[in-house]
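J.: Pasting target-v1.txt here (compact mmCIF, C-alpha atoms (C1' of nucleotides)):
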# COMPACT_ATOMS: atom_id res chain seq x y z
CA MET T 1 0.00 0.00 0.00
CA PRO T 2 1.41 3.40 -0.93
CA ASN T 3 2.19 5.90 1.76
CA PRO T 4 1.64 9.27 0.09
CA THR T 5 1.90 11.46 3.16
CA SER T 6 5.56 10.65 3.79
CA SER T 7 6.64 11.17 0.22
CA PRO T 8 7.31 14.90 0.02
CA ILE T 9 9.55 14.85 3.08
CA LEU T 10 11.27 11.69 1.96
CA ILE T 11 11.81 13.04 -1.51
CA ASP T 12 13.26 16.25 -0.17
CA LYS T 13 15.64 14.30 2.04
CA PHE T 14 16.62 12.26 -0.97
CA TRP T 15 17.50 15.39 -2.92
CA GLU T 16 19.44 16.80 -0.03
CA SER T 17 21.50 13.71 0.69
CA VAL T 18 22.08 11.36 -2.21
CA PRO T 19 23.30 13.70 -4.96
CA SER T 20 25.69 15.51 -2.68
CA ALA T 21 27.07 12.33 -1.12
CA TRP T 22 27.61 10.81 -4.50
CA ARG T 23 29.23 13.90 -6.01
CA GLN T 24 31.66 14.16 -3.14
CA THR T 25 32.51 10.49 -3.30
CA ARG T 26 32.98 10.45 -7.03
CA SER T 27 35.13 13.51 -6.86
CA GLN T 28 37.31 11.86 -4.25
CA ILE T 29 37.57 8.61 -6.20
CA ARG T 30 38.62 10.66 -9.16
CA ARG T 31 41.36 12.28 -7.17
CA ILE T 32 42.68 8.95 -5.95
CA ALA T 33 42.14 6.89 -9.06
CA VAL T 34 43.11 9.47 -11.61
CA GLU T 35 46.10 11.02 -9.94
CA LYS T 36 47.66 7.92 -8.47
CA PHE T 37 46.57 5.24 -10.89
CA GLN T 38 45.73 7.07 -14.13
CA MET T 39 42.26 5.63 -14.15
CA THR T 40 38.78 7.13 -14.34
CA GLU T 41 36.06 6.70 -11.77
CA GLU T 42 34.07 4.62 -14.20
CA GLN T 43 36.99 2.25 -14.63
CA PHE T 44 37.29 2.02 -10.88
CA GLN T 45 33.67 0.93 -10.62
CA VAL T 46 34.20 -1.69 -13.28
CA LEU T 47 37.28 -3.09 -11.53
CA ARG T 48 35.40 -3.10 -8.25
CA ARG T 49 32.53 -5.09 -9.67
CA ILE T 50 34.71 -7.56 -11.49
CA ARG T 51 36.47 -8.20 -8.22
CA LYS T 52 33.10 -8.82 -6.63
CA GLY T 53 32.25 -11.38 -9.27
CA SER T 54 30.43 -9.58 -12.08
CA ALA T 55 32.14 -10.89 -15.13
CA SER T 56 30.53 -9.59 -18.27
CA VAL T 57 29.79 -6.26 -19.86
CA SER T 58 26.06 -6.79 -19.57
CA ALA T 59 26.23 -7.84 -15.92
CA LEU T 60 28.35 -4.81 -15.11
CA ALA T 61 26.00 -2.47 -16.93
CA GLU T 62 23.01 -3.93 -15.16
CA ALA T 63 24.68 -3.75 -11.76
CA SER T 64 25.84 -0.16 -12.23
CA GLN T 65 22.66 0.99 -13.95
CA THR T 66 24.54 2.36 -16.89
CA SER T 67 24.74 1.53 -20.58
CA ARG T 68 26.59 -1.40 -22.07
CA SER T 69 28.49 0.88 -24.38
CA ALA T 70 29.84 2.92 -21.47
CA VAL T 71 30.97 -0.25 -19.71
CA SER T 72 32.42 -1.66 -22.90
CA LYS T 73 34.63 1.38 -23.31
CA ALA T 74 35.78 1.29 -19.69
CA VAL T 75 36.61 -2.39 -19.99
CA ASP T 76 38.51 -1.73 -23.18
CA ALA T 77 40.69 0.83 -21.45
CA LEU T 78 41.36 -1.56 -18.59
CA VAL T 79 42.30 -4.37 -20.98
CA ARG T 80 44.66 -2.07 -22.84
CA ARG T 81 46.31 -1.23 -19.55
CA GLY T 82 46.71 -4.89 -18.64
CA LEU T 83 44.41 -4.81 -15.63
CA VAL T 84 41.64 -6.97 -17.03
CA THR T 85 41.55 -9.90 -19.43
CA ARG T 86 38.84 -10.92 -21.85
CA SER T 87 38.40 -14.64 -22.40
CA GLN T 88 36.02 -16.88 -24.29
CA ASP T 89 33.05 -18.92 -23.23
CA PRO T 90 33.07 -22.08 -25.35
CA ARG T 91 29.43 -22.73 -24.51
CA ASP T 92 28.26 -19.36 -25.85
CA ARG T 93 30.70 -17.44 -27.92
CA ARG T 94 28.76 -14.23 -27.55
CA ASN T 95 29.84 -14.09 -23.93
CA VAL T 96 33.15 -12.47 -23.12
CA PRO T 97 34.05 -13.38 -19.54
CA LEU T 98 36.18 -10.80 -17.75
CA ALA T 99 38.75 -11.28 -15.04
CA LEU T 100 41.28 -9.20 -13.15
CA THR T 101 44.93 -9.77 -13.92
CA ASP T 102 47.38 -9.94 -11.03
CA GLU T 103 48.27 -6.36 -11.74
CA GLY T 104 44.58 -5.44 -11.78
CA GLN T 105 44.12 -7.12 -8.44
CA ARG T 106 47.08 -5.27 -7.02
CA VAL T 107 45.92 -1.87 -8.29
CA MET T 108 42.39 -2.54 -7.09
CA ASP T 109 43.59 -3.40 -3.60
CA ALA T 110 45.64 -0.25 -3.46
CA ILE T 111 42.80 2.00 -4.61
CA PHE T 112 40.32 0.30 -2.40
CA VAL T 113 42.37 0.90 0.72
CA GLU T 114 42.40 4.60 -0.03
CA ALA T 115 38.75 4.84 -1.01
CA GLU T 116 37.74 2.92 2.05
CA ALA T 117 39.84 5.16 4.27
CA TRP T 118 38.15 8.23 2.85
CA LEU T 119 34.65 6.84 3.25
CA SER T 120 35.48 5.62 6.74
CA ALA T 121 36.50 9.12 7.65
CA ARG T 122 33.04 10.32 6.61
CA PHE T 123 31.44 7.78 8.90
CA GLU T 124 33.76 7.78 11.85
CA HIS T 125 32.13 10.61 13.76
CA LEU T 126 28.76 8.89 13.64
CA SER T 127 27.49 7.07 16.70
CA PRO T 128 26.95 3.30 16.59
CA GLU T 129 23.21 3.94 16.42
CA GLU T 130 23.66 6.26 13.48
CA LEU T 131 25.85 3.72 11.71
CA GLU T 132 23.13 1.13 12.12
CA THR T 133 20.52 3.58 10.86
CA LEU T 134 22.68 4.37 7.86
CA LEU T 135 23.29 0.71 7.09
CA GLN T 136 19.61 -0.11 7.14
CA GLY T 137 18.72 3.01 5.21
CA MET T 138 21.12 2.15 2.44
CA GLU T 139 19.83 -1.37 2.24
CA THR T 140 16.34 0.05 1.86
CA LEU T 141 17.57 2.51 -0.73
CA ARG T 142 19.13 -0.35 -2.69
CA LYS T 143 15.89 -2.26 -2.48
CA ALA T 144 13.82 0.71 -3.61
CA PHE T 145 16.04 1.19 -6.66
CA SER T 146 16.57 -2.44 -7.60
CA ASN T 147 14.44 -3.10 -10.62
CA PRO T 148 11.82 -5.78 -10.14
CA MET E 1 34.52 7.22 18.84
CA PRO E 2 35.18 5.43 15.56
CA ASN E 3 33.48 2.14 14.87
CA PRO E 4 35.90 0.33 12.59
CA THR E 5 34.24 -3.08 12.61
CA SER E 6 31.10 -1.90 10.85
CA SER E 7 32.93 0.00 8.16
CA PRO E 8 33.59 -2.63 5.48
CA ILE E 9 29.97 -3.73 5.43
CA LEU E 10 28.74 -0.17 5.50
CA ILE E 11 31.07 0.85 2.74
CA ASP E 12 30.00 -2.05 0.59
CA LYS E 13 26.36 -1.13 1.10
CA PHE E 14 27.20 2.41 0.16
CA TRP E 15 28.75 1.28 -3.11
CA GLU E 16 25.83 -0.95 -3.87
CA SER E 17 23.12 1.59 -3.20
CA VAL E 18 24.09 5.23 -3.64
CA PRO E 19 25.73 5.27 -7.08
CA SER E 20 23.02 3.18 -8.66
CA ALA E 21 20.18 5.15 -7.06
CA TRP E 22 21.73 8.39 -8.18
CA ARG E 23 22.42 7.26 -11.73
CA GLN E 24 18.88 6.06 -12.16
CA THR E 25 17.46 9.24 -10.75
CA ARG E 26 19.66 11.49 -12.80
CA SER E 27 18.86 9.56 -15.91
CA GLN E 28 15.16 9.95 -15.22
CA ILE E 29 15.48 13.65 -14.48
CA ARG E 30 17.29 13.99 -17.75
CA ARG E 31 14.49 12.31 -19.57
CA ILE E 32 11.88 14.57 -18.02
CA ALA E 33 13.82 17.81 -17.96
CA VAL E 34 15.58 17.47 -21.28
CA GLU E 35 12.79 16.11 -23.40
CA LYS E 36 9.93 18.12 -22.03
CA PHE E 37 11.62 21.30 -20.92
CA GLN E 38 14.90 21.43 -22.86
CA MET E 39 16.91 21.67 -19.70
CA THR E 40 19.82 19.70 -18.24
CA GLU E 41 19.82 17.88 -14.93
CA GLU E 42 22.27 20.36 -13.54
CA GLN E 43 19.95 23.23 -14.41
CA PHE E 44 17.11 21.38 -12.74
CA GLN E 45 19.13 21.15 -9.52
CA VAL E 46 19.87 24.84 -9.66
CA LEU E 47 16.22 25.74 -10.18
CA ARG E 48 15.28 23.44 -7.34
CA ARG E 49 17.67 25.07 -4.93
CA ILE E 50 16.76 28.59 -5.91
CA ARG E 51 13.16 27.70 -5.23
CA LYS E 52 14.20 26.43 -1.83
CA GLY E 53 15.90 29.72 -1.07
CA SER E 54 19.53 29.44 -2.11
CA ALA E 55 20.08 32.61 -3.99
CA SER E 56 23.67 32.96 -5.09
CA VAL E 57 26.15 31.04 -7.17
CA SER E 58 28.36 30.35 -4.19
CA ALA E 59 25.49 29.18 -2.01
CA LEU E 60 24.30 26.88 -4.75
CA ALA E 61 27.75 25.45 -5.30
CA GLU E 62 28.19 24.87 -1.60
CA ALA E 63 24.79 23.24 -1.24
CA SER E 64 25.26 20.96 -4.23
CA GLN E 65 28.90 20.20 -3.52
CA THR E 66 29.98 21.24 -6.94
CA SER E 67 32.15 23.96 -8.41
CA ARG E 68 31.15 27.60 -8.78
CA SER E 69 32.04 27.50 -12.44
CA ALA E 70 29.62 24.66 -13.09
CA VAL E 71 26.85 26.50 -11.26
CA SER E 72 27.67 29.75 -12.99
CA LYS E 73 27.20 28.12 -16.37
CA ALA E 74 23.92 26.51 -15.38
CA VAL E 75 22.62 29.82 -14.04
CA ASP E 76 23.66 31.56 -17.20
CA ALA E 77 21.67 29.14 -19.31
CA LEU E 78 18.63 29.60 -17.10
CA VAL E 79 18.89 33.38 -17.29
CA ARG E 80 19.14 33.23 -21.07
CA ARG E 81 16.00 31.13 -21.11
CA GLY E 82 14.14 33.61 -18.91
CA LEU E 83 13.67 31.25 -15.99
CA VAL E 84 15.96 33.03 -13.55
CA THR E 85 16.87 36.65 -12.98
CA ARG E 86 20.09 38.13 -11.70
CA SER E 87 19.78 41.26 -9.60
CA GLN E 88 22.09 43.50 -7.62
CA ASP E 89 22.85 43.76 -3.95
CA PRO E 90 23.43 47.47 -3.20
CA ARG E 91 25.20 46.59 0.04
CA ASP E 92 27.81 44.40 -1.66
CA ARG E 93 28.02 44.64 -5.38
CA ARG E 94 29.97 41.39 -5.64
CA ASN E 95 26.80 39.52 -4.76
CA VAL E 96 24.42 38.62 -7.54
CA PRO E 97 21.13 37.55 -5.96
CA LEU E 98 19.14 35.07 -8.01
CA ALA E 99 15.42 34.54 -8.24
CA LEU E 100 12.94 32.52 -10.25
CA THR E 101 10.84 34.33 -12.79
CA ASP E 102 7.15 33.48 -13.01
CA GLU E 103 7.96 31.28 -15.96
CA GLY E 104 10.76 29.64 -13.95
CA GLN E 105 8.35 28.95 -11.15
CA ARG E 106 5.85 27.47 -13.55
CA VAL E 107 8.41 25.22 -15.24
CA MET E 108 9.82 24.16 -11.91
CA ASP E 109 6.41 23.18 -10.61
CA ALA E 110 5.74 21.15 -13.70
CA ILE E 111 9.05 19.31 -13.58
CA PHE E 112 8.78 18.75 -9.88
CA VAL E 113 5.44 17.05 -10.16
CA GLU E 114 6.89 14.58 -12.61
CA ALA E 115 10.12 14.00 -10.73
CA GLU E 116 8.22 13.53 -7.53
CA ALA E 117 5.89 11.05 -9.15
CA TRP E 118 8.80 9.01 -10.42
CA LEU E 119 10.56 8.96 -7.06
CA SER E 120 7.31 8.18 -5.29
CA ALA E 121 6.90 5.19 -7.53
CA ARG E 122 10.28 3.93 -6.34
CA PHE E 123 9.18 4.22 -2.75
CA GLU E 124 5.56 3.17 -2.94
CA HIS E 125 6.11 -0.54 -2.52
CA LEU E 126 8.07 0.00 0.68
CA SER E 127 6.38 -0.62 4.01
CA PRO E 128 5.84 2.28 6.46
CA GLU E 129 8.70 0.89 8.55
CA GLU E 130 10.99 0.85 5.56
CA LEU E 131 10.03 4.39 4.65
CA GLU E 132 10.94 5.49 8.14
CA THR E 133 14.23 3.61 7.95
CA LEU E 134 14.99 5.22 4.64
CA LEU E 135 14.15 8.69 5.90
CA GLN E 136 16.42 8.36 8.89
CA GLY E 137 19.16 6.75 6.85
CA MET E 138 19.16 9.61 4.38
CA GLU E 139 19.28 12.15 7.14
CA THR E 140 22.31 10.34 8.56
CA LEU E 141 23.85 10.19 5.11
CA ARG E 142 23.38 13.92 4.74
CA LYS E 143 24.98 14.48 8.10
CA ALA E 144 27.93 12.24 7.30
CA PHE E 145 28.60 14.15 4.09
CA SER E 146 27.95 17.65 5.34
CA ASN E 147 31.26 19.34 5.74
CA PRO E 148 32.00 20.45 9.28
C1' DT S 1 47.08 52.28 0.73
C1' DA S 2 48.81 47.76 -0.36
C1' DT S 3 47.28 43.18 -0.27
C1' DA S 4 44.24 39.66 0.96
C1' DA S 5 39.90 37.74 0.47
C1' DT S 6 35.45 37.01 -1.80
C1' DA S 7 31.86 36.64 -5.70
C1' DG S 8 31.39 35.52 -10.00
C1' DT S 9 32.71 34.52 -14.92
C1' DT S 10 35.23 32.59 -18.81
C1' DT S 11 38.26 29.45 -21.11
C1' DC S 12 39.89 25.08 -21.89
C1' DG S 13 40.16 20.55 -21.12
C1' DT S 14 38.56 15.89 -19.57
C1' DT S 15 35.21 12.53 -18.07
C1' DA S 16 31.01 10.44 -18.33
C1' DC S 17 27.90 9.32 -20.29
C1' DT S 18 23.74 8.29 -24.36
C1' DC S 19 21.93 6.86 -28.76
C1' DA S 20 22.04 4.56 -32.96
C1' DA S 21 24.13 1.59 -35.96
C1' DC S 22 26.89 -2.30 -36.45
C1' DT S 23 28.93 -7.48 -36.10
C1' DA S 24 28.65 -11.93 -34.31
C1' DT S 25 26.38 -15.42 -32.25
C1' DT S 26 22.45 -18.14 -30.42
C1' DC S 27 17.52 -19.02 -29.77
C1' DT S 28 12.59 -19.86 -31.52
C1' DC S 29 9.29 -21.88 -33.80
C1' DC S 30 7.23 -22.94 -38.14
C1' DG O 1 16.75 -26.69 -41.27
C1' DG O 2 16.07 -21.95 -42.17
C1' DA O 3 14.06 -17.13 -41.40
C1' DG O 4 13.71 -14.08 -38.16
C1' DA O 5 13.96 -12.51 -33.21
C1' DA O 6 16.84 -12.00 -29.39
C1' DT O 7 21.25 -11.37 -27.02
C1' DA O 8 26.34 -9.96 -26.23
C1' DG O 9 29.34 -6.84 -27.30
C1' DT O 10 31.64 -2.98 -29.97
C1' DT O 11 32.14 1.39 -32.37
C1' DG O 12 31.27 6.24 -33.73
C1' DA O 13 29.33 10.53 -32.97
C1' DG O 14 27.66 13.68 -30.07
C1' DT O 15 26.43 15.97 -25.57
C1' DA O 16 26.35 16.82 -20.54
C1' DA O 17 28.82 17.32 -16.49
C1' DC O 18 31.99 18.44 -14.50
C1' DG O 19 37.03 20.67 -12.71
C1' DA O 20 41.33 23.70 -12.72
C1' DA O 21 43.20 27.90 -13.61
C1' DA O 22 43.16 32.48 -14.93
C1' DC O 23 40.55 36.46 -15.04
C1' DT O 24 37.50 40.92 -13.45
C1' DA O 25 35.25 43.40 -9.99
C1' DT O 26 34.48 44.51 -5.47
C1' DT O 27 35.10 44.66 -0.44
C1' DA O 28 37.67 43.64 3.88
C1' DT O 29 41.92 44.01 6.59
C1' DA O 30 46.26 45.19 8.37
Have the structure of the file written as structure tokens, please.
T.:
Amino acid sequence: MPNPTSSPILIDKFWESVPSAWRQTRSQIRRIAVEKFQMTEEQFQVLRRIRKGSASVSALAEASQTSRSAVSKAVDALVRRGLVTRSQDPRDRRNVPLALTDEGQRVMDAIFVEAEAWLSARFEHLSPEELETLLQGMETLRKAFSNP
Amino acid sequence: MPNPTSSPILIDKFWESVPSAWRQTRSQIRRIAVEKFQMTEEQFQVLRRIRKGSASVSALAEASQTSRSAVSKAVDALVRRGLVTRSQDPRDRRNVPLALTDEGQRVMDAIFVEAEAWLSARFEHLSPEELETLLQGMETLRKAFSNP
DNA sequence: TATAATAGTTTCGTTACTCAACTATTCTCC
DNA sequence: GGAGAATAGTTGAGTAACGAAACTATTATA
């Protein structure tokens, strides 16, 4: 059952929190990834997801809610830099399974430590209760925006 | 006091929720604002904030966590389209107070109805408890990312 | 009064996309 | 088995969304 009365407040909170949080984070990832590892934020996201197990252009696009062509280009750059490999699926040759190289793994670990440190700093002055609230809120946000 | 144990999970949830939610929303705003009102998402955000009371380039940049140059360009486009006016502050002529024109107000109302409807649709299959969780989580997110 | 700080703009460049068209493969169903 | 529909991925062209640095104009400060 819809809950119309809460929507305007909720929507306002959404506008006031999500875009700003994301802009700041992306900007920081750019600083780390671009300056230290000559990599764009989009490429970082692709690496991150491959490490988590997503292993095709379509799966990455679906997970990141972006277009296949954007992912394809990011993957291409990563392959050219030797961080990701494309292989073949003998069962369906349309599929192009992706995997991190050792170098890709190493770079990813290094970036992730820095990104995690920065995000942790955002969260470290929150109380345990607030951290719990945030955790649950983000899970609900994910649910609300996961396509059925 | 920092709470290091919860961080990796929290950070993972952040990555899985915020970027995707924001990309979907921005993409939708683009569809509405660009196709129906010939306006970019950035311009929409500027209009939205002016309507809420932010009335200078610097205030807008601060509120949106973006650069003054980006805001300046968006404002310029809105002024050229007759949706926003620049005026003068006789007390400090460096300030350029901004305001919506009647047309700007009208366009903003129209866009907002559509944007709100789309966001509401995302939220409408959540339970009242989940809506509350989400509201509190977003407030905490805002707090975590508001610069001290 | 020098100079520091602030508000805003402009220029130039890069990143982050999107859309449409394309190839290559596999599925479907008659 | 063959014609089309569907799927995976790529490519090209174009635009939106930024950011850094240099600039003007104005006001504060020492």
J.: Go through O:DT7, O:DT15, O:DT29, O:DT24 one by one, measure the shortest atom-to-atom distance of each to chain T using only C-alpha atoms (C1' of nucleotides), and give the residue with the smallest value.
T.: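 Between O:DT7, O:DT15, O:DT29, O:DT24, the residue approaching chain T most closely is O:DT7.
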J.: For Lys13 (chain T), work out the shell of residues within 8 Å, counting only C-alpha atoms (C1' of nucleotides) and skipping chain neighbours fewer than 6 positions away, then give it as a VMD selection string.
T.: chain E and resid 135 138 to 139
J.: Could you work out which residues of chain E fall inside 10 Å of chain O? Count all atoms listed in the file, and format the result as a list in words.
T.: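 Residues satisfying the distance criterion: Arg30, Thr40, Glu41, Glu42, Thr66, Ser67, Arg68, Ser69, Ala70, Asp92, Arg93, Arg94 and Asn95 of chain E.
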J.: Within 12 Å of chain E, which residues of chain S show up when using all atoms listed in the file, listed as a list in words?
T.: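 Residues passing the distance filter: DT6, DA7, DG8, DT9, DT10, DT11, DA16, DC17 and DT18 of chain S.
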J.: Could you list, as a PyMOL selection string, the residues of chain E having an atom within 8 Å of chain T when counting all atoms listed in the file?
T.: chain E and resi 1-4+6-8+10-11+13-14+16-24+63-66+116+119-120+122-128+130-131+133-142+144-145
J.: What is the CA of Ala99 (chain E)-CA of Ala61 (chain E) distance in Å, reported with one decimal?
T.: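 Interatomic distance, CA of Ala99 (chain E) to CA of Ala61 (chain E): 15.6 Å.
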J.: If you measure from CA of Ile50 (chain T) to CA of Gln88 (chain T), what distance in Å do you get, rounded to one decimal?
T.: 15.9 Å
J.: Using the incomplete input, complete region 82-113 of chain E to the level of N, CA and C atoms; output as a PDB file, in the coordinates of the input.
T.:
ATOM      1  N   GLY E  82      15.189  32.829 -19.574  1.00  0.00           N
ATOM      2  CA  GLY E  82      14.140  33.610 -18.910  1.00  0.00           C
ATOM      3  C   GLY E  82      13.524  32.924 -17.714  1.00  0.00           C
ATOM      4  N   LEU E  83      14.222  31.959 -17.145  1.00  0.00           N
ATOM      5  CA  LEU E  83      13.670  31.250 -15.990  1.00  0.00           C
ATOM      6  C   LEU E  83      14.191  31.799 -14.676  1.00  0.00           C
ATOM      7  N   VAL E  84      15.312  32.497 -14.750  1.00  0.00           N
ATOM      8  CA  VAL E  84      15.960  33.030 -13.550  1.00  0.00           C
ATOM      9  C   VAL E  84      16.406  34.455 -13.851  1.00  0.00           C
ATOM     10  N   THR E  85      16.340  35.292 -12.818  1.00  0.00           N
ATOM     11  CA  THR E  85      16.870  36.650 -12.980  1.00  0.00           C
ATOM     12  C   THR E  85      18.050  36.878 -12.048  1.00  0.00           C
ATOM     13  N   ARG E  86      19.004  37.659 -12.543  1.00  0.00           N
ATOM     14  CA  ARG E  86      20.090  38.130 -11.700  1.00  0.00           C
ATOM     15  C   ARG E  86      19.765  39.546 -11.280  1.00  0.00           C
ATOM     16  N   SER E  87      19.983  39.878 -10.015  1.00  0.00           N
ATOM     17  CA  SER E  87      19.780  41.260  -9.600  1.00  0.00           C
ATOM     18  C   SER E  87      21.037  41.765  -8.900  1.00  0.00           C
ATOM     19  N   GLN E  88      20.913  42.921  -8.267  1.00  0.00           N
ATOM     20  CA  GLN E  88      22.090  43.500  -7.620  1.00  0.00           C
ATOM     21  C   GLN E  88      21.848  43.710  -6.145  1.00  0.00           C
ATOM     22  N   ASP E  89      22.891  43.493  -5.382  1.00  0.00           N
ATOM     23  CA  ASP E  89      22.850  43.760  -3.950  1.00  0.00           C
ATOM     24  C   ASP E  89      23.567  45.089  -3.709  1.00  0.00           C
ATOM     25  N   PRO E  90      22.797  46.152  -3.350  1.00  0.00           N
ATOM     26  CA  PRO E  90      23.430  47.470  -3.200  1.00  0.00           C
ATOM     27  C   PRO E  90      24.434  47.507  -2.037  1.00  0.00           C
ATOM     28  N   ARG E  91      24.293  46.588  -1.118  1.00  0.00           N
ATOM     29  CA  ARG E  91      25.200  46.590   0.040  1.00  0.00           C
ATOM     30  C   ARG E  91      26.555  45.964  -0.304  1.00  0.00           C
ATOM     31  N   ASP E  92      26.546  45.032  -1.236  1.00  0.00           N
ATOM     32  CA  ASP E  92      27.810  44.400  -1.660  1.00  0.00           C
ATOM     33  C   ASP E  92      27.663  44.033  -3.118  1.00  0.00           C
ATOM     34  N   ARG E  93      28.279  44.816  -3.950  1.00  0.00           N
ATOM     35  CA  ARG E  93      28.020  44.640  -5.380  1.00  0.00           C
ATOM     36  C   ARG E  93      28.687  43.406  -5.971  1.00  0.00           C
ATOM     37  N   ARG E  94      29.462  42.668  -5.136  1.00  0.00           N
ATOM     38  CA  ARG E  94      29.970  41.390  -5.640  1.00  0.00           C
ATOM     39  C   ARG E  94      28.844  40.354  -5.691  1.00  0.00           C
ATOM     40  N   ASN E  95      27.907  40.479  -4.788  1.00  0.00           N
ATOM     41  CA  ASN E  95      26.800  39.520  -4.760  1.00  0.00           C
ATOM     42  C   ASN E  95      25.871  39.705  -5.947  1.00  0.00           C
ATOM     43  N   VAL E  96      25.395  38.583  -6.459  1.00  0.00           N
ATOM     44  CA  VAL E  96      24.420  38.620  -7.540  1.00  0.00           C
ATOM     45  C   VAL E  96      23.241  37.739  -7.121  1.00  0.00           C
ATOM     46  N   PRO E  97      22.266  38.348  -6.432  1.00  0.00           N
ATOM     47  CA  PRO E  97      21.130  37.550  -5.960  1.00  0.00           C
ATOM     48  C   PRO E  97      20.339  36.974  -7.139  1.00  0.00           C
ATOM     49  N   LEU E  98      19.885  35.750  -6.955  1.00  0.00           N
ATOM     50  CA  LEU E  98      19.140  35.070  -8.010  1.00  0.00           C
ATOM     51  C   LEU E  98      17.706  34.852  -7.576  1.00  0.00           C
ATOM     52  N   ALA E  99      16.820  34.829  -8.547  1.00  0.00           N
ATOM     53  CA  ALA E  99      15.420  34.540  -8.240  1.00  0.00           C
ATOM     54  C   ALA E  99      14.753  33.886  -9.432  1.00  0.00           C
ATOM     55  N   LEU E 100      13.724  33.105  -9.169  1.00  0.00           N
ATOM     56  CA  LEU E 100      12.940  32.520 -10.250  1.00  0.00           C
ATOM     57  C   LEU E 100      12.038  33.576 -10.854  1.00  0.00           C
ATOM     58  N   THR E 101      11.882  33.541 -12.154  1.00  0.00           N
ATOM     59  CA  THR E 101      10.840  34.330 -12.790  1.00  0.00           C
ATOM     60  C   THR E 101       9.518  33.561 -12.651  1.00  0.00           C
ATOM     61  N   ASP E 102       8.433  34.190 -13.048  1.00  0.00           N
ATOM     62  CA  ASP E 102       7.150  33.480 -13.010  1.00  0.00           C
ATOM     63  C   ASP E 102       7.208  32.231 -13.886  1.00  0.00           C
ATOM     64  N   GLU E 103       7.811  32.417 -15.056  1.00  0.00           N
ATOM     65  CA  GLU E 103       7.960  31.280 -15.960  1.00  0.00           C
ATOM     66  C   GLU E 103       8.824  30.194 -15.315  1.00  0.00           C
ATOM     67  N   GLY E 104       9.897  30.599 -14.638  1.00  0.00           N
ATOM     68  CA  GLY E 104      10.760  29.640 -13.950  1.00  0.00           C
ATOM     69  C   GLY E 104       9.991  28.866 -12.888  1.00  0.00           C
ATOM     70  N   GLN E 105       9.170  29.587 -12.178  1.00  0.00           N
ATOM     71  CA  GLN E 105       8.350  28.950 -11.150  1.00  0.00           C
ATOM     72  C   GLN E 105       7.398  27.932 -11.776  1.00  0.00           C
ATOM     73  N   ARG E 106       6.813  28.341 -12.881  1.00  0.00           N
ATOM     74  CA  ARG E 106       5.850  27.470 -13.550  1.00  0.00           C
ATOM     75  C   ARG E 106       6.528  26.188 -14.060  1.00  0.00           C
ATOM     76  N   VAL E 107       7.675  26.371 -14.709  1.00  0.00           N
ATOM     77  CA  VAL E 107       8.410  25.220 -15.240  1.00  0.00           C
ATOM     78  C   VAL E 107       8.847  24.309 -14.098  1.00  0.00           C
ATOM     79  N   MET E 108       9.337  24.935 -13.051  1.00  0.00           N
ATOM     80  CA  MET E 108       9.820  24.160 -11.910  1.00  0.00           C
ATOM     81  C   MET E 108       8.689  23.323 -11.316  1.00  0.00           C
ATOM     82  N   ASP E 109       7.549  23.926 -11.154  1.00  0.00           N
ATOM     83  CA  ASP E 109       6.410  23.180 -10.610  1.00  0.00           C
ATOM     84  C   ASP E 109       6.082  21.973 -11.489  1.00  0.00           C
ATOM     85  N   ALA E 110       6.099  22.214 -12.778  1.00  0.00           N
ATOM     86  CA  ALA E 110       5.740  21.150 -13.700  1.00  0.00           C
ATOM     87  C   ALA E 110       6.751  19.997 -13.646  1.00  0.00           C
ATOM     88  N   ILE E 111       8.030  20.359 -13.650  1.00  0.00           N
ATOM     89  CA  ILE E 111       9.050  19.310 -13.580  1.00  0.00           C
ATOM     90  C   ILE E 111       8.944  18.567 -12.256  1.00  0.00           C
ATOM     91  N   PHE E 112       8.751  19.347 -11.212  1.00  0.00           N
ATOM     92  CA  PHE E 112       8.780  18.750  -9.880  1.00  0.00           C
ATOM     93  C   PHE E 112       7.687  17.710  -9.708  1.00  0.00           C
ATOM     94  N   VAL E 113       6.540  18.014 -10.252  1.00  0.00           N
ATOM     95  CA  VAL E 113       5.440  17.050 -10.160  1.00  0.00           C
ATOM     96  C   VAL E 113       5.854  15.722 -10.793  1.00  0.00           C
TER      97      VAL E 113
END
